[in-house]
Amino acid sequence: MKVQTQRDYAKKGILTDEMKKALEIEDIEEKSFLQRIAEGKIVIPANKNRKRKRYFAIGEGTLVKINVNIGVSSECGSFKEEIEKLELCKRYEVESVMDLSSGKNSREFREFLLKNYDFIVGTVPIYDMAILQDDFTRVSVNQILELIEKQAEEGVDFFTLHAGITRRAIERFKDNKRIMKIVSRGGGMIYNWMIKNNKENPLYEYFDDILKICKKHDVTLSLGDSLRPGCIFDSTDALQIEELINLGELTKRAWEEGVQVIIEGPGHMRANEIAANMTLEKKLCHGAPFYVLGPLTTDIGAGYDHITGAMGALIAALNGADFLCYVTPAEHLRLPDVEDVKEGIIAFKLAAHSANLAKGFKKCLERDFEMSIARANMDWEKMFKLGIDGEKMKKYKEDNNKYCSMCGRLCPVNNVR
């Protein structure tokens with residue numbers, strides 16, 4: 001039988017088991033759902049080699065989802081601590097986890113993640129190559145392709161590939177006044193490889209070979225933004241936009257082969273620019289789902305970038321972003337610990353939920369309505385159950401009084417009742 005992806009099936013009007021499971025949590029009609037998958041406006045990341053109990057849709061008309069980045073680090077990663085982070089993701093019903101491991105136990109950690117959890121799982125394949133080879137610039141094209149194939153066989157659902165940065169794009173660095181240049185780890189690796197070898201980006205030049213691998217295993221491509229702005233003064237510049245144009249062209253090539261595509265976006269950006277950037281991405285990339293890191297709305301928030309990121313994420317989601325990559329308080333400073341991960345998850349789950357409320361999704365509205373009734377009835381146990389972090393709520397509400405200690409006996413809710 002000819003190899004077929006979720007997109008191929010949707011184009012034939014076939015609702016797969018993976019689509020059915022993804023559709024269960026959505027508030028969208030089946031016909032529209034299938035049509036948007038066929039058009040590339042919705043993706044179902046679902047590697048053929050890994051069966052899961054839960055599947056999720058990302059894209060137009062679906063609930064906004066979040067992704068959490070974790071993984072063992074070459075500097076200070078602990079396998080045990082990363083598993084604690086995975087358990088947090090499970091507890092707070094995170095939809096997607098990206099394994100960004102760059103330490104010696106990276107393969108073991110990825111195998112554990114793929115075997116024991118039902119998240120969508122993504123990776124940046126070249127990180128593994130950097131572990132195996134001290135000098136990434138000495139890696140051959142065949143080695144890169146073999147590694148991509150290997151991770152596809154393992155069951156990874158989506159790959160972030162920095163295929164949009166080209167020789168033509170980096171020529172602009174000579175006359176460009178960008179402050180932060182490149183802040184993408186994968187993008188920086190590819191840039192150095194291109195400069196050292198005086199060759200085109202291998203992920204761009206051999207994109208057709210990569211598509212064959214992704215087609216075979218139904219791996220969704222998340223086209224990475226090597227030239228995303230790393231500070232608010234670099235946003236929406238020529239480098240960012242030229243790469244976005246390249247990603248739009250690569251999207252069409254992927255779709256021709258039946259491969260599903262997500263587009264990755266900024267970065268650091270002033271709040272007043274976010275809406276326009278979402279519109280621009282959807283236009284240049286033909287409506288493909290948009291996956292944003294933040295965006296962070298200011299550069300002075302280190303230590304609190306889960307807040308600056310969540311503010312940007314909400315604006316982005318209200319203007320077309322479909323998939324939010326969380327940011328923790330440790331961003332720019334260190335590998336996040338378990339508490340950092342918890343704060344990042346909660347901040348971005350709240351951003352996604354707020355966007356879903358504004359979009360009018362029924363289940364989200366029902367939860368908030370129930371919370372409103374519980375608050376009106378001063379039903380604390382129900383509030384603890386419905387709140388995103390009931391344990392913290394209980395800790396703050398230490399006493400057994402029917403009202404909280406802010407107003408005490410002057411509590412307007414209680415007195416009006």
# chains A, B, ... in the order shown; residues from 1 in each chain; ligands from 1
>>> residues_around(residues="Phe207 in chain A", least_positions_apart="5", cutoff="10 Å", atoms="only C-alpha atoms", output="JSON, numbers by chain")
{"A": [145, 161, 163, 201, 202, 212, 250, 253, 254]}
>>> residues_around(residues="Leu350 in chain A", least_positions_apart="2", cutoff="12 Å", atoms="only C-alpha atoms", output="PyMOL selection string")
chain A and resi 64-66+92+94+306-307+309-311+313-314+317+324+326+343-348+352-357+364+368+387-389
>>> residues_around(residues="Val124 in chain A", least_positions_apart="5", cutoff="8 Å", atoms="only C-alpha atoms", output="ChimeraX atom specification")
/A:99-100,159-161,186
>>> write_last_selection(atoms="all heavy atoms", output="tab-separated table (two decimals), in the first residue's frame")
chain	number	residue	atom	x	y	z
A	99	ASP	N	11.58	17.34	23.50
A	99	ASP	CA	12.80	16.87	24.14
A	99	ASP	C	13.98	17.61	23.52
A	99	ASP	O	14.39	17.32	22.40
A	99	ASP	CB	12.93	15.36	23.95
A	99	ASP	CG	14.25	14.83	24.49
A	99	ASP	OD1	14.88	15.53	25.31
A	99	ASP	OD2	14.65	13.72	24.09
A	100	LEU	N	14.50	18.57	24.27
A	100	LEU	CA	15.65	19.36	23.78
A	100	LEU	C	16.94	18.90	24.44
A	100	LEU	O	17.85	19.70	24.67
A	100	LEU	CB	15.40	20.85	24.05
A	100	LEU	CG	14.16	21.46	23.40
A	100	LEU	CD1	14.14	22.97	23.60
A	100	LEU	CD2	14.09	21.12	21.91
A	159	PHE	N	9.49	17.15	14.09
A	159	PHE	CA	10.88	17.62	14.10
A	159	PHE	C	10.91	19.13	13.91
A	159	PHE	O	10.25	19.65	13.01
A	159	PHE	CB	11.68	17.02	12.95
A	159	PHE	CG	11.93	15.54	13.04
A	159	PHE	CD1	11.96	14.77	11.88
A	159	PHE	CD2	12.16	14.92	14.26
A	159	PHE	CE1	12.20	13.41	11.93
A	159	PHE	CE2	12.40	13.56	14.33
A	159	PHE	CZ	12.43	12.80	13.17
A	160	THR	N	11.69	19.82	14.73
A	160	THR	CA	12.03	21.20	14.41
A	160	THR	C	13.29	21.18	13.56
A	160	THR	O	14.34	20.69	13.99
A	160	THR	CB	12.28	22.02	15.68
A	160	THR	OG1	11.03	22.28	16.34
A	160	THR	CG2	12.91	23.37	15.34
A	161	LEU	N	13.16	21.65	12.35
A	161	LEU	CA	14.28	21.71	11.41
A	161	LEU	C	14.47	23.15	10.95
A	161	LEU	O	13.53	23.77	10.47
A	161	LEU	CB	14.02	20.81	10.20
A	161	LEU	CG	13.91	19.30	10.47
A	161	LEU	CD1	13.64	18.56	9.17
A	161	LEU	CD2	15.17	18.77	11.13
A	186	GLY	N	19.60	25.85	17.44
A	186	GLY	CA	19.70	25.07	16.21
A	186	GLY	C	20.09	25.93	15.02
A	186	GLY	O	20.90	25.52	14.18
>>> residues_around(residues="Lys31 in chain A", least_positions_apart="3", cutoff="10 Å", atoms="only C-alpha atoms", output="list in words")
Ala10, Gly13, Leu15, Ile28, Leu34, Gln35 and Arg36 of chain A
>>> closest_residue(among="A:Asn198, A:Asn67, A:Asn400, A:Asn415", to="Leu293 in chain A", atoms="only C-alpha atoms")
A:Asn67
>>> closest_residue(among="A:Thr62, A:Asn49, A:Ser102, A:Thr279", to="Ile25 in chain A", atoms="only C-alpha atoms")
A:Thr62
>>> residues_around(residues="Arg375 in chain A", least_positions_apart="6", cutoff="9 Å", atoms="only C-alpha atoms", output="list in words")
Lys382, Met383 and Val413 of chain A
>>> closest_residue(among="A:Ala22, A:Val416, A:Val259, A:Met371", to="Tyr55 in chain A", atoms="only C-alpha atoms")
A:Ala22
>>> closest_residue(among="A:Arg417, A:Lys402, A:Lys199, A:Lys48", to="Cys214 in chain A", atoms="only C-alpha atoms")
A:Lys48
